[in-house]
$ cat target.txt   # compact mmCIF, C-alpha atoms
# COMPACT_ATOMS: atom_id res chain seq x y z
CA MET A 1 5.14 -10.14 -47.00
CA ILE A 2 3.98 -6.59 -46.75
CA GLN A 3 3.24 -5.65 -43.20
CA GLN A 4 -0.17 -4.14 -43.16
CA ASN A 5 -0.96 -1.34 -40.82
CA LEU A 6 -2.03 -2.88 -37.52
CA VAL A 7 -4.25 -1.03 -35.07
CA LYS A 8 -4.18 -2.57 -31.62
CA VAL A 9 -7.27 -2.53 -29.47
CA GLY A 10 -6.53 -3.09 -25.78
CA MET A 11 -8.70 -4.53 -23.08
CA ALA A 12 -11.72 -2.30 -22.50
CA ASP A 13 -10.75 -0.23 -25.51
CA LEU A 14 -12.15 0.56 -28.96
CA ASN A 15 -10.82 1.87 -32.23
CA ILE A 16 -11.60 2.29 -35.90
CA ALA A 17 -9.59 1.55 -39.03
CA THR A 18 -9.71 2.71 -42.63
CA ASP A 19 -7.34 2.56 -45.60
CA GLY A 20 -6.70 -1.13 -45.38
CA ALA A 21 -5.56 -1.20 -41.79
CA ILE A 22 -6.20 -4.25 -39.61
CA LEU A 23 -7.74 -4.07 -36.16
CA LYS A 24 -6.43 -6.54 -33.63
CA THR A 25 -7.22 -7.46 -30.07
CA THR A 26 -5.52 -10.25 -28.13
CA GLY A 27 -6.50 -12.59 -25.36
CA LEU A 28 -10.29 -12.39 -25.37
CA GLY A 29 -11.63 -14.58 -22.59
CA SER A 30 -15.02 -13.72 -21.25
CA CYS A 31 -14.64 -10.35 -22.97
CA VAL A 32 -16.32 -9.90 -26.34
CA GLY A 33 -14.55 -8.58 -29.43
CA LEU A 34 -17.23 -6.83 -31.44
CA THR A 35 -16.63 -5.53 -34.94
CA LEU A 36 -18.71 -3.23 -37.11
CA TYR A 37 -18.11 -2.70 -40.80
CA ASP A 38 -19.34 -0.42 -43.54
CA PRO A 39 -18.51 -2.43 -46.69
CA VAL A 40 -18.94 0.52 -49.07
CA ARG A 41 -16.66 3.00 -47.35
CA LYS A 42 -14.50 0.19 -45.96
CA ILE A 43 -14.55 1.59 -42.48
CA ALA A 44 -14.06 -0.94 -39.70
CA GLY A 45 -14.50 -0.60 -35.97
CA MET A 46 -13.67 -2.89 -33.09
CA ALA A 47 -14.50 -2.84 -29.39
CA HIS A 48 -13.07 -5.09 -26.66
CA VAL A 49 -16.05 -5.20 -24.31
CA MET A 50 -15.38 -6.39 -20.79
CA LEU A 51 -18.68 -6.14 -18.92
CA PRO A 52 -22.31 -6.31 -20.02
CA SER A 53 -23.77 -3.21 -18.45
CA SER A 54 -22.59 0.20 -17.28
CA GLU A 55 -25.25 0.20 -14.55
CA ILE A 56 -22.81 -1.43 -12.20
CA ALA A 57 -20.07 1.11 -12.88
CA ARG A 58 -18.69 2.59 -9.68
CA GLU A 59 -15.78 4.44 -11.16
CA THR A 60 -15.77 8.20 -11.22
CA LYS A 61 -14.49 8.64 -14.74
CA MET A 62 -16.21 6.12 -16.93
CA ASN A 63 -14.46 4.22 -19.68
CA LEU A 64 -17.15 3.91 -22.35
CA ALA A 65 -15.36 1.11 -24.18
CA LYS A 66 -15.60 -1.22 -21.22
CA TYR A 67 -19.35 -1.84 -21.18
CA ALA A 68 -21.46 -3.33 -23.96
CA ASP A 69 -24.21 -0.74 -23.61
CA THR A 70 -21.85 2.22 -23.90
CA ALA A 71 -19.15 0.83 -26.19
CA ILE A 72 -21.47 0.18 -29.14
CA PRO A 73 -22.96 3.70 -29.28
CA GLU A 74 -19.47 5.18 -28.88
CA LEU A 75 -18.06 3.00 -31.66
CA LEU A 76 -20.98 3.96 -33.90
CA ASP A 77 -20.35 7.65 -33.25
CA ARG A 78 -16.69 7.28 -34.11
CA MET A 79 -17.43 5.40 -37.32
CA ILE A 80 -20.16 7.79 -38.41
CA ALA A 81 -17.78 10.69 -37.79
CA ALA A 82 -15.31 8.94 -40.09
CA GLY A 83 -17.93 8.73 -42.84
CA ALA A 84 -19.64 5.37 -42.31
CA TYR A 85 -23.39 4.88 -42.62
CA ILE A 86 -25.24 3.03 -39.91
CA GLU A 87 -27.73 1.60 -42.44
CA ARG A 88 -24.93 -0.30 -44.17
CA MET A 89 -23.22 -1.59 -41.09
CA LYS A 90 -22.77 -5.26 -40.39
CA ALA A 91 -21.57 -6.76 -37.13
CA LYS A 92 -19.45 -9.76 -36.22
CA MET A 93 -18.34 -10.88 -32.82
CA ALA A 94 -16.13 -13.36 -31.02
CA GLY A 95 -15.29 -14.17 -27.44
CA GLY A 96 -17.64 -14.42 -24.48
CA ALA A 97 -16.09 -17.64 -23.25
CA GLN A 98 -16.41 -19.17 -19.84
CA MET A 99 -12.75 -19.65 -18.97
CA PHE A 100 -13.21 -21.69 -15.82
CA ALA A 101 -16.12 -23.91 -14.96
CA MET A 102 -16.62 -23.28 -11.27
CA SER A 103 -19.30 -24.87 -9.21
CA GLY A 104 -21.26 -22.91 -6.67
CA HIS A 105 -20.97 -19.57 -8.38
CA THR A 106 -23.76 -18.05 -10.28
CA ASP A 107 -24.32 -14.79 -12.00
CA SER A 108 -21.06 -12.94 -11.70
CA LEU A 109 -19.14 -15.78 -13.28
CA ARG A 110 -21.48 -16.15 -16.24
CA ILE A 111 -19.97 -12.93 -17.48
CA GLY A 112 -19.03 -14.26 -20.94
CA PRO A 113 -22.53 -15.30 -22.03
CA ARG A 114 -23.95 -12.13 -20.48
CA ASN A 115 -21.53 -10.01 -22.51
CA VAL A 116 -22.70 -11.73 -25.69
CA GLU A 117 -26.37 -11.27 -24.77
CA SER A 118 -25.87 -7.62 -24.02
CA CYS A 119 -23.99 -6.95 -27.30
CA THR A 120 -26.69 -8.78 -29.26
CA ALA A 121 -29.41 -6.70 -27.61
CA MET A 122 -27.60 -3.43 -28.34
CA LEU A 123 -27.08 -4.36 -32.00
CA LEU A 124 -30.76 -5.22 -32.28
CA ARG A 125 -31.63 -1.82 -30.90
CA PHE A 126 -29.58 -0.12 -33.60
CA LYS A 127 -30.94 -2.58 -36.20
CA ILE A 128 -27.45 -3.74 -37.13
CA PRO A 129 -27.44 -7.33 -38.43
CA ILE A 130 -24.98 -9.85 -36.99
CA LEU A 131 -23.40 -11.62 -39.95
CA SER A 132 -21.54 -14.23 -37.98
CA GLN A 133 -20.19 -14.94 -34.54
CA ASP A 134 -17.88 -17.31 -32.75
CA THR A 135 -18.80 -17.05 -29.10
CA GLY A 136 -18.95 -19.18 -25.99
CA GLY A 137 -16.82 -22.20 -25.23
CA SER A 138 -14.08 -22.19 -22.66
CA PHE A 139 -11.06 -20.95 -24.54
CA GLY A 140 -9.33 -17.66 -25.27
CA ARG A 141 -9.30 -15.99 -28.66
CA THR A 142 -7.21 -13.44 -30.52
CA ILE A 143 -8.98 -11.68 -33.35
CA GLU A 144 -8.01 -9.60 -36.36
CA PHE A 145 -10.45 -7.64 -38.47
CA ASP A 146 -9.49 -6.62 -41.97
CA SER A 147 -10.90 -3.27 -43.05
CA VAL A 148 -10.50 -4.16 -46.76
CA SER A 149 -12.43 -7.44 -46.84
CA GLY A 150 -14.42 -7.25 -43.62
CA THR A 151 -13.05 -10.66 -42.69
CA LEU A 152 -12.74 -11.52 -39.03
CA SER A 153 -10.01 -14.00 -38.33
CA ILE A 154 -10.05 -15.80 -35.01
CA ARG A 155 -7.15 -17.66 -33.49
CA SER A 156 -7.30 -19.95 -30.48
CA VAL A 157 -4.83 -22.32 -28.85
CA GLN A 158 -6.87 -25.47 -29.41
CA PHE A 159 -8.53 -24.79 -32.72
CA GLY A 160 -6.01 -22.78 -34.70
CA THR A 161 -7.18 -20.00 -37.00
CA LYS A 162 -10.52 -19.64 -38.63
CA GLU A 163 -12.21 -16.88 -40.57
CA ILE A 164 -15.77 -15.77 -40.30
CA MET B 1 -10.08 5.53 -8.75
CA SER B 2 -10.69 7.06 -5.35
CA LEU B 3 -10.02 3.73 -3.73
CA PHE B 4 -6.48 3.55 -5.02
CA SER B 5 -5.48 7.16 -4.93
CA ARG B 6 -5.11 7.03 -1.18
CA PHE B 7 -2.76 4.07 -1.27
CA GLU B 8 0.41 5.26 0.28
CA ALA B 9 3.83 3.76 -0.10
CA PHE B 10 3.49 2.50 3.44
CA GLU B 11 0.32 0.62 2.67
CA LEU B 12 1.89 -0.92 -0.39
CA ASP B 13 4.75 -2.05 1.83
CA VAL B 14 2.29 -3.73 4.13
CA LEU B 15 0.75 -5.57 1.21
CA LYS B 16 4.19 -6.58 0.08
CA GLU B 17 4.89 -8.06 3.46
CA VAL B 18 1.59 -9.91 3.32
CA GLY B 19 2.67 -11.34 -0.02
CA ASN B 20 6.07 -12.19 1.34
CA ILE B 21 4.76 -14.26 4.19
CA GLY B 22 2.33 -16.15 2.03
CA ALA B 23 4.84 -16.81 -0.70
CA GLY B 24 7.44 -17.93 1.81
CA ASN B 25 5.18 -20.72 2.95
CA ALA B 26 4.21 -21.62 -0.57
CA ALA B 27 7.88 -21.81 -1.58
CA THR B 28 8.53 -24.15 1.33
CA ALA B 29 5.65 -26.32 0.22
CA LEU B 30 6.92 -26.41 -3.34
CA SER B 31 10.41 -27.20 -2.17
CA ARG B 32 9.09 -30.15 -0.16
CA LEU B 33 7.10 -31.42 -3.09
CA LEU B 34 10.04 -31.29 -5.45
CA ASP B 35 12.59 -32.18 -2.79
CA LYS B 36 14.79 -29.39 -4.08
CA PRO B 37 15.57 -25.90 -2.87
CA VAL B 38 13.23 -23.32 -4.30
CA ASP B 39 14.02 -19.63 -4.23
CA MET B 40 11.53 -16.91 -4.14
CA ALA B 41 11.84 -13.41 -5.44
CA VAL B 42 10.77 -10.51 -3.26
CA PRO B 43 7.13 -9.97 -4.13
CA LYS B 44 6.08 -7.10 -6.28
CA VAL B 45 3.06 -5.15 -5.33
CA SER B 46 1.77 -2.97 -8.05
CA LEU B 47 -1.23 -1.13 -9.26
CA LEU B 48 -1.41 -1.96 -12.93
CA PRO B 49 -3.65 -1.09 -15.85
CA PHE B 50 -5.41 -4.19 -17.20
CA GLU B 51 -3.23 -4.27 -20.27
CA GLU B 52 -0.06 -4.68 -18.30
CA VAL B 53 -1.27 -7.46 -16.06
CA ALA B 54 -0.88 -9.99 -18.84
CA GLU B 55 2.46 -8.46 -19.85
CA ARG B 56 3.83 -9.71 -16.55
CA VAL B 57 3.62 -13.30 -17.72
CA GLY B 58 4.92 -12.74 -21.21
CA GLY B 59 2.10 -10.97 -22.99
CA SER B 60 -1.58 -11.36 -23.58
CA GLU B 61 -1.16 -14.16 -26.12
CA GLN B 62 1.44 -16.16 -24.23
CA ILE B 63 0.17 -19.66 -23.58
CA VAL B 64 0.24 -20.45 -19.89
CA ILE B 65 -1.10 -23.02 -17.50
CA ALA B 66 -3.23 -21.34 -14.88
CA VAL B 67 -4.78 -22.65 -11.71
CA PHE B 68 -7.56 -20.42 -10.55
CA LEU B 69 -9.00 -20.30 -7.07
CA ARG B 70 -11.64 -18.07 -5.69
CA VAL B 71 -10.79 -16.96 -2.18
CA GLU B 72 -13.81 -16.99 0.08
CA GLY B 73 -14.24 -15.71 3.60
CA GLU B 74 -13.72 -12.35 5.23
CA ALA B 75 -11.33 -10.97 2.65
CA PRO B 76 -12.46 -12.45 -0.68
CA GLY B 77 -10.46 -12.24 -3.86
CA ASN B 78 -9.15 -14.13 -6.83
CA MET B 79 -5.98 -16.08 -6.97
CA PHE B 80 -3.97 -17.45 -9.87
CA PHE B 81 -0.97 -19.67 -9.97
CA ILE B 82 0.50 -19.31 -13.43
CA ILE B 83 3.31 -21.34 -14.91
CA GLU B 84 4.85 -21.32 -18.30
CA GLU B 85 4.64 -24.45 -20.41
CA GLU B 86 8.29 -25.32 -20.10
CA SER B 87 8.19 -25.06 -16.32
CA ALA B 88 4.99 -27.07 -16.16
CA LYS B 89 6.54 -29.94 -18.08
CA ARG B 90 9.61 -29.82 -15.88
CA ILE B 91 7.52 -29.95 -12.73
CA LEU B 92 5.64 -32.94 -14.09
CA ARG B 93 8.83 -34.76 -14.86
CA GLN B 94 10.47 -34.11 -11.54
CA LEU B 95 7.47 -34.67 -9.39
CA LEU B 96 5.62 -37.45 -11.11
CA SER B 97 8.17 -38.81 -13.55
CA ILE B 98 5.75 -38.06 -16.33
CA ASN B 99 7.53 -37.27 -19.50
CA ALA B 100 5.21 -34.67 -20.88
CA GLU B 101 7.81 -33.04 -23.08
CA GLU B 102 7.42 -35.44 -25.94
CA HIS B 103 3.83 -34.75 -26.79
CA GLU B 104 1.85 -31.63 -27.47
CA GLY B 105 -0.72 -30.54 -24.97
CA TYR B 106 -1.59 -32.20 -21.70
CA THR B 107 -3.42 -35.33 -20.68
CA GLU B 108 -6.12 -35.20 -18.06
CA MET B 109 -3.75 -36.79 -15.56
CA GLU B 110 -1.09 -34.15 -16.18
CA LEU B 111 -3.53 -31.29 -15.82
CA SER B 112 -4.95 -32.80 -12.70
CA ALA B 113 -1.46 -33.06 -11.22
CA LEU B 114 -0.68 -29.44 -12.05
CA CYS B 115 -4.01 -28.38 -10.62
CA GLU B 116 -3.22 -30.17 -7.38
CA ILE B 117 0.19 -28.53 -7.15
CA GLY B 118 -1.47 -25.15 -7.63
CA ASN B 119 -3.95 -26.08 -4.97
CA ILE B 120 -1.30 -27.04 -2.42
CA LEU B 121 0.66 -23.86 -3.07
CA ALA B 122 -2.37 -21.64 -2.93
CA GLY B 123 -3.54 -23.35 0.22
CA SER B 124 -0.25 -22.77 2.00
CA TYR B 125 -0.18 -19.18 0.78
CA LEU B 126 -3.65 -18.51 2.03
CA SER B 127 -3.35 -20.22 5.36
CA SER B 128 -0.32 -18.15 6.27
CA LEU B 129 -2.13 -15.00 5.24
CA ALA B 130 -5.14 -16.01 7.26
CA ASP B 131 -3.01 -16.75 10.32
CA PHE B 132 -1.24 -13.45 10.04
CA THR B 133 -4.30 -11.30 9.54
CA HIS B 134 -6.70 -13.37 11.67
CA LEU B 135 -9.13 -13.19 8.80
CA SER B 136 -10.85 -16.31 7.57
CA MET B 137 -9.82 -17.12 4.01
CA ALA B 138 -10.55 -20.38 2.29
CA PRO B 139 -9.80 -21.36 -1.27
CA SER B 140 -12.51 -22.76 -3.51
CA VAL B 141 -12.01 -25.96 -5.48
CA PRO B 142 -9.32 -25.13 -8.01
CA ALA B 143 -9.90 -24.93 -11.74
CA VAL B 144 -7.18 -25.32 -14.32
CA ALA B 145 -6.87 -23.98 -17.85
CA VAL B 146 -4.25 -23.92 -20.57
CA ASP B 147 -4.79 -20.84 -22.65
CA MET B 148 -3.73 -17.30 -23.52
CA ALA B 149 -2.64 -15.30 -20.48
CA GLY B 150 -4.84 -12.35 -21.38
CA ALA B 151 -7.96 -14.46 -21.59
CA ILE B 152 -7.24 -16.11 -18.27
CA LEU B 153 -6.20 -13.10 -16.24
CA SER B 154 -9.02 -10.90 -17.44
CA TYR B 155 -11.30 -13.35 -15.70
CA GLY B 156 -9.86 -12.39 -12.35
CA LEU B 157 -10.17 -8.68 -13.03
CA MET B 158 -13.91 -8.49 -13.47
CA GLN B 159 -14.61 -6.99 -10.07
CA TYR B 160 -12.07 -4.32 -10.81
CA GLY B 161 -13.77 -3.60 -14.09
CA GLU B 162 -16.62 -2.06 -12.16
CA MET B 163 -14.33 0.34 -10.36
CA GLY B 164 -11.63 1.47 -12.69
CA ASP B 165 -9.11 0.38 -15.22
CA SER B 166 -6.42 -0.95 -12.96
CA ALA B 167 -5.97 -3.82 -10.58
CA LEU B 168 -3.78 -4.27 -7.57
CA LEU B 169 -1.54 -7.29 -7.80
CA ILE B 170 0.52 -9.08 -5.25
CA GLU B 171 2.84 -11.11 -7.37
CA THR B 172 5.56 -13.55 -6.49
CA THR B 173 7.96 -15.49 -8.64
CA PHE B 174 9.54 -18.80 -7.73
CA LEU B 175 12.86 -19.94 -9.01
CA GLU B 176 14.30 -23.34 -8.66
CA ASP B 177 18.05 -23.10 -8.58
CA CYS B 178 20.04 -23.70 -11.73
CA GLN B 179 17.01 -24.66 -13.72
CA SER B 180 14.58 -21.97 -14.51
CA LEU B 181 11.36 -23.03 -13.05
CA GLU B 182 9.17 -20.04 -13.07
CA GLY B 183 5.82 -19.76 -11.48
CA HIS B 184 3.85 -16.65 -10.81
CA PHE B 185 1.39 -16.10 -8.06
CA PHE B 186 -1.24 -13.47 -8.50
CA LEU B 187 -3.44 -12.48 -5.62
CA ILE B 188 -6.10 -10.06 -6.69
CA PRO B 189 -8.09 -9.09 -3.61
CA ASP B 190 -11.61 -7.83 -4.20
CA PRO B 191 -11.74 -4.05 -3.84
CA GLU B 192 -13.66 -4.33 -0.55
CA SER B 193 -11.04 -6.60 0.95
CA PHE B 194 -8.29 -4.02 1.23
CA GLU B 195 -9.81 -2.18 4.12
CA LYS B 196 -10.23 -5.43 6.02
CA ILE B 197 -6.67 -6.53 5.38
CA PHE B 198 -5.29 -3.16 6.44
CA ARG B 199 -7.40 -3.06 9.55
CA ALA B 200 -6.41 -6.60 10.46
CA LEU B 201 -2.77 -5.59 10.16
CA GLY B 202 -3.25 -2.55 12.32
CA VAL B 203 -2.91 -0.07 9.50
CA VAL B 204 -5.70 2.38 9.97
CA SER B 205 -6.61 4.04 6.75
CA GLU B 206 -8.14 7.50 6.60
$ encode --input "target.txt" --output "structure tokens"
Amino acid sequence: MIQQNLVKVGMADLNIATDGAILKTTGLGSCVGLTLYDPVRKIAGMAHVMLPSSEIARETKMNLAKYADTAIPELLDRMIAAGAYIERMKAKMAGGAQMFAMSGHTDSLRIGPRNVESCTAMLLRFKIPILSQDTGGSFGRTIEFDSVSGTLSIRSVQFGTKEI
Amino acid sequence: MSLFSRFEAFELDVLKEVGNIGAGNAATALSRLLDKPVDMAVPKVSLLPFEEVAERVGGSEQIVIAVFLRVEGEAPGNMFFIIEEESAKRILRQLLSINAEEHEGYTEMELSALCEIGNILAGSYLSSLADFTHLSMAPSVPAVAVDMAGAILSYGLMQYGEMGDSALLIETTFLEDCQSLEGHFFLIPDPESFEKIFRALGVVSE
């Protein structure tokens, strides 16, 4: 098997891939793995979003990739700089799980669903359609996004691998 | 990162000692449960980028059994007891004579047993910390999950996400002699809790 070029995206990180490379991020729990794709130029982008909104940021030097509302514009900028067109872009996403069902805790522990909501709202603002998603549940996911086909493959412990 | 930049070696030593005391009690509890001697490694206290937290238990995709407890009280935080699959099955066999090695996955009974073990250990860890610091700390009802380490641990790092890209970990490893029974304890205090812990221990920051 020919090892394709793998681009790793860490936690609270984003990256883009061209020339047939594959973007990969591991261990998505309540985080959301969001991918954008320009099918004509075959430019792919992936962000591993950790929190829904940068409003709560208290850090001095902000990591744009961490928050849904800053990661998506940043990823768009990077892809447009690489030659992608926003009008052609399609989105897919996975993750946003609720890893532990805890009683007596409210908002802060609903972080997974809130991440998904926030990503959806941002994509709507940029008028980028969401082709498919595999979100929610209570299990972790590892995802790979192929910049040739635009296929998002999702692997989980319980359910094996599936492609969307 | 202003919160962490003023952490001195001395303060890290204090946190290490805090971890040591808690883990000592937890190791005793585990040893009683298993009726076998259990060794404990000297705790590691480290400030780690998110990425590396999961590396400590074998990588982000490593499948682990995790018991999660939210620590409530004066010094809140998150706590994980993480064991690898092989160790989990060994614990089940020794403690409950359940032969879990023959089948894939875990039954509800097995998970419940592991959850309770995590609960007992976490409870003994916390109560010794609370005694030592005179701070009230109580664990929530435990939750258990079998999944990728990255997915599980990121859950405990959310509060840190608002502050920076690293988390402070107090981590202990247990070893049962001869047989490798490995369990990891992660105590991830909320950012606000550090000051309280230091003050309680007589370490005046600033």
$ atom_distance --input "target.txt" --atom1 "atom CA of A:Ala68" --atom2 "atom CA of A:Ala94"
13.4 Å
$ closest_residue --input "target.txt" --among "A:Ala71, A:Ile143, A:Ala97, A:Leu36" --to "A:Ile130" --atoms "all atoms listed in the file"
A:Leu36
$ residues_around --input "target.txt" --residues "A:Asp38" --least-positions-apart "2" --cutoff "12 Å" --atoms "all atoms listed in the file" --output "PyMOL selection string"
chain A and resi 16-18+35-36+40-45+76+79-80+82-92+128-129+146-150
$ write_last_selection --input "target.txt" --atoms "C-alpha atoms" --output "short mmCIF file (atom, residue, chain, number, x, y, z; two decimals), in the frame of the given file"
data_model
loop_
_atom_site.label_atom_id
_atom_site.label_comp_id
_atom_site.auth_asym_id
_atom_site.auth_seq_id
_atom_site.Cartn_x
_atom_site.Cartn_y
_atom_site.Cartn_z
CA ILE A 16 -11.60 2.29 -35.90
CA ALA A 17 -9.59 1.55 -39.03
CA THR A 18 -9.71 2.71 -42.63
CA THR A 35 -16.63 -5.53 -34.94
CA LEU A 36 -18.71 -3.23 -37.11
CA VAL A 40 -18.94 0.52 -49.07
CA ARG A 41 -16.66 3.00 -47.35
CA LYS A 42 -14.50 0.19 -45.96
CA ILE A 43 -14.55 1.59 -42.48
CA ALA A 44 -14.06 -0.94 -39.70
CA GLY A 45 -14.50 -0.60 -35.97
CA LEU A 76 -20.98 3.96 -33.90
CA MET A 79 -17.43 5.40 -37.32
CA ILE A 80 -20.16 7.79 -38.41
CA ALA A 82 -15.31 8.94 -40.09
CA GLY A 83 -17.93 8.73 -42.84
CA ALA A 84 -19.64 5.37 -42.31
CA TYR A 85 -23.39 4.88 -42.62
CA ILE A 86 -25.24 3.03 -39.91
CA GLU A 87 -27.73 1.60 -42.44
CA ARG A 88 -24.93 -0.30 -44.17
CA MET A 89 -23.22 -1.59 -41.09
CA LYS A 90 -22.77 -5.26 -40.39
CA ALA A 91 -21.57 -6.76 -37.13
CA LYS A 92 -19.45 -9.76 -36.22
CA ILE A 128 -27.45 -3.74 -37.13
CA PRO A 129 -27.44 -7.33 -38.43
CA ASP A 146 -9.49 -6.62 -41.97
CA SER A 147 -10.90 -3.27 -43.05
CA VAL A 148 -10.50 -4.16 -46.76
CA SER A 149 -12.43 -7.44 -46.84
CA GLY A 150 -14.42 -7.25 -43.62
#
$ interface_residues --input "target.txt" --of "chain A" --to "chain B" --cutoff "6 Å" --atoms "only C-alpha atoms" --output "mmCIF file with C-alpha atoms, in the frame of the given file"
data_model
loop_
_atom_site.group_PDB
_atom_site.id
_atom_site.type_symbol
_atom_site.label_atom_id
_atom_site.label_comp_id
_atom_site.auth_asym_id
_atom_site.auth_seq_id
_atom_site.Cartn_x
_atom_site.Cartn_y
_atom_site.Cartn_z
ATOM 1 C CA GLY A 27 -6.500 -12.590 -25.360
ATOM 2 C CA LEU A 28 -10.290 -12.390 -25.370
ATOM 3 C CA GLY A 29 -11.630 -14.580 -22.590
ATOM 4 C CA ALA A 57 -20.070 1.110 -12.880
ATOM 5 C CA ARG A 58 -18.690 2.590 -9.680
ATOM 6 C CA GLU A 59 -15.780 4.440 -11.160
ATOM 7 C CA GLY A 140 -9.330 -17.660 -25.270
#
$ residues_near_point --input "target.txt" --point "(-4.3, -16.1, -34.4)" --cutoff "9 Å" --atoms "all atoms listed in the file" --output "list in words"
Thr26, Arg141, Thr142, Ile143, Glu144, Ser153, Ile154, Arg155, Ser156, Val157, Gly160, Thr161 and Lys162 of chain A
$ atom_distance --input "target.txt" --atom1 "atom CA of A:Val49" --atom2 "atom CA of B:Phe81"
25.3 Å
$ closest_residue --input "target.txt" --among "B:Thr133, B:Ser128, B:Asn99, B:Asn20" --to "B:Ala75" --atoms "only C-alpha atoms"
B:Thr133
$ atom_distance --input "target.txt" --atom1 "atom CA of B:Gly202" --atom2 "atom CA of B:Ser46"
21.0 Å
$ residues_around --input "target.txt" --residues "B:Ala29" --least-positions-apart "5" --cutoff "10 Å" --atoms "all atoms listed in the file" --output "CSV table (one decimal) with C-alpha atoms, keeping the file's coordinate frame"
chain,number,residue,atom,x,y,z
B,23,ALA,CA,4.8,-16.8,-0.7
B,24,GLY,CA,7.4,-17.9,1.8
B,34,LEU,CA,10.0,-31.3,-5.4
B,35,ASP,CA,12.6,-32.2,-2.8
B,38,VAL,CA,13.2,-23.3,-4.3
B,117,ILE,CA,0.2,-28.5,-7.2
B,120,ILE,CA,-1.3,-27.0,-2.4
B,121,LEU,CA,0.7,-23.9,-3.1
B,122,ALA,CA,-2.4,-21.6,-2.9
B,123,GLY,CA,-3.5,-23.4,0.2
B,124,SER,CA,-0.2,-22.8,2.0
B,125,TYR,CA,-0.2,-19.2,0.8
$ closest_residue --input "target.txt" --among "A:Asp13, A:Leu23, A:Leu64, A:Asp77" --to "A:His48" --atoms "all atoms listed in the file"
A:Asp13
$ residues_near_point --input "target.txt" --point "(12.0, -27.0, -3.3)" --cutoff "12 Å" --atoms "only C-alpha atoms" --output "list in words"
Gly24, Asn25, Ala26, Ala27, Thr28, Ala29, Leu30, Ser31, Arg32, Leu33, Leu34, Asp35, Lys36, Pro37, Val38, Asp39, Met40, Ile91, Gln94, Leu95, Leu121, Phe174, Leu175, Glu176, Asp177, Gln179 and Leu181 of chain B
$ write_last_selection --input "target.txt" --atoms "C-alpha atoms" --output "compact mmCIF listing (two decimals), keeping the file's coordinate frame"
# COMPACT_ATOMS: atom_id res chain seq x y z
CA GLY B 24 7.44 -17.93 1.81
CA ASN B 25 5.18 -20.72 2.95
CA ALA B 26 4.21 -21.62 -0.57
CA ALA B 27 7.88 -21.81 -1.58
CA THR B 28 8.53 -24.15 1.33
CA ALA B 29 5.65 -26.32 0.22
CA LEU B 30 6.92 -26.41 -3.34
CA SER B 31 10.41 -27.20 -2.17
CA ARG B 32 9.09 -30.15 -0.16
CA LEU B 33 7.10 -31.42 -3.09
CA LEU B 34 10.04 -31.29 -5.45
CA ASP B 35 12.59 -32.18 -2.79
CA LYS B 36 14.79 -29.39 -4.08
CA PRO B 37 15.57 -25.90 -2.87
CA VAL B 38 13.23 -23.32 -4.30
CA ASP B 39 14.02 -19.63 -4.23
CA MET B 40 11.53 -16.91 -4.14
CA ILE B 91 7.52 -29.95 -12.73
CA GLN B 94 10.47 -34.11 -11.54
CA LEU B 95 7.47 -34.67 -9.39
CA LEU B 121 0.66 -23.86 -3.07
CA PHE B 174 9.54 -18.80 -7.73
CA LEU B 175 12.86 -19.94 -9.01
CA GLU B 176 14.30 -23.34 -8.66
CA ASP B 177 18.05 -23.10 -8.58
CA GLN B 179 17.01 -24.66 -13.72
CA LEU B 181 11.36 -23.03 -13.05
$ decode --input "target.txt" --residues "stretch 91-100 of chain A" --atoms "N, CA and C atoms" --output "mmCIF file, in the first residue's frame"
data_model
loop_
_atom_site.group_PDB
_atom_site.id
_atom_site.type_symbol
_atom_site.label_atom_id
_atom_site.label_comp_id
_atom_site.auth_asym_id
_atom_site.auth_seq_id
_atom_site.Cartn_x
_atom_site.Cartn_y
_atom_site.Cartn_z
ATOM 1 N N ALA A 91 -19.070 21.630 3.572
ATOM 2 C CA ALA A 91 -18.582 21.282 4.913
ATOM 3 C C ALA A 91 -19.078 19.907 5.339
ATOM 4 N N LYS A 92 -18.272 19.266 6.167
ATOM 5 C CA LYS A 92 -18.687 18.036 6.846
ATOM 6 C C LYS A 92 -18.190 18.155 8.280
ATOM 7 N N MET A 93 -18.861 17.513 9.186
ATOM 8 C CA MET A 93 -18.305 17.521 10.541
ATOM 9 C C MET A 93 -18.637 16.268 11.335
ATOM 10 N N ALA A 94 -17.805 16.039 12.345
ATOM 11 C CA ALA A 94 -17.968 14.865 13.207
ATOM 12 C C ALA A 94 -17.513 15.240 14.608
ATOM 13 N N GLY A 95 -18.019 14.527 15.579
ATOM 14 C CA GLY A 95 -17.610 14.790 16.963
ATOM 15 C C GLY A 95 -18.767 15.362 17.763
ATOM 16 N N GLY A 96 -18.432 16.231 18.712
ATOM 17 C CA GLY A 96 -19.469 16.866 19.534
ATOM 18 C C GLY A 96 -20.212 15.890 20.419
ATOM 19 N N ALA A 97 -19.502 14.894 20.910
ATOM 20 C CA ALA A 97 -20.135 13.884 21.756
ATOM 21 C C ALA A 97 -20.235 14.363 23.196
ATOM 22 N N GLN A 98 -21.036 13.667 23.934
ATOM 23 C CA GLN A 98 -21.136 13.908 25.367
ATOM 24 C C GLN A 98 -20.495 12.687 26.015
ATOM 25 N N MET A 99 -19.233 12.818 26.416
ATOM 26 C CA MET A 99 -18.484 11.622 26.827
ATOM 27 C C MET A 99 -19.017 10.990 28.109
ATOM 28 N N PHE A 100 -19.422 11.818 29.050
ATOM 29 C CA PHE A 100 -19.927 11.274 30.308
ATOM 30 C C PHE A 100 -21.284 11.888 30.585
#
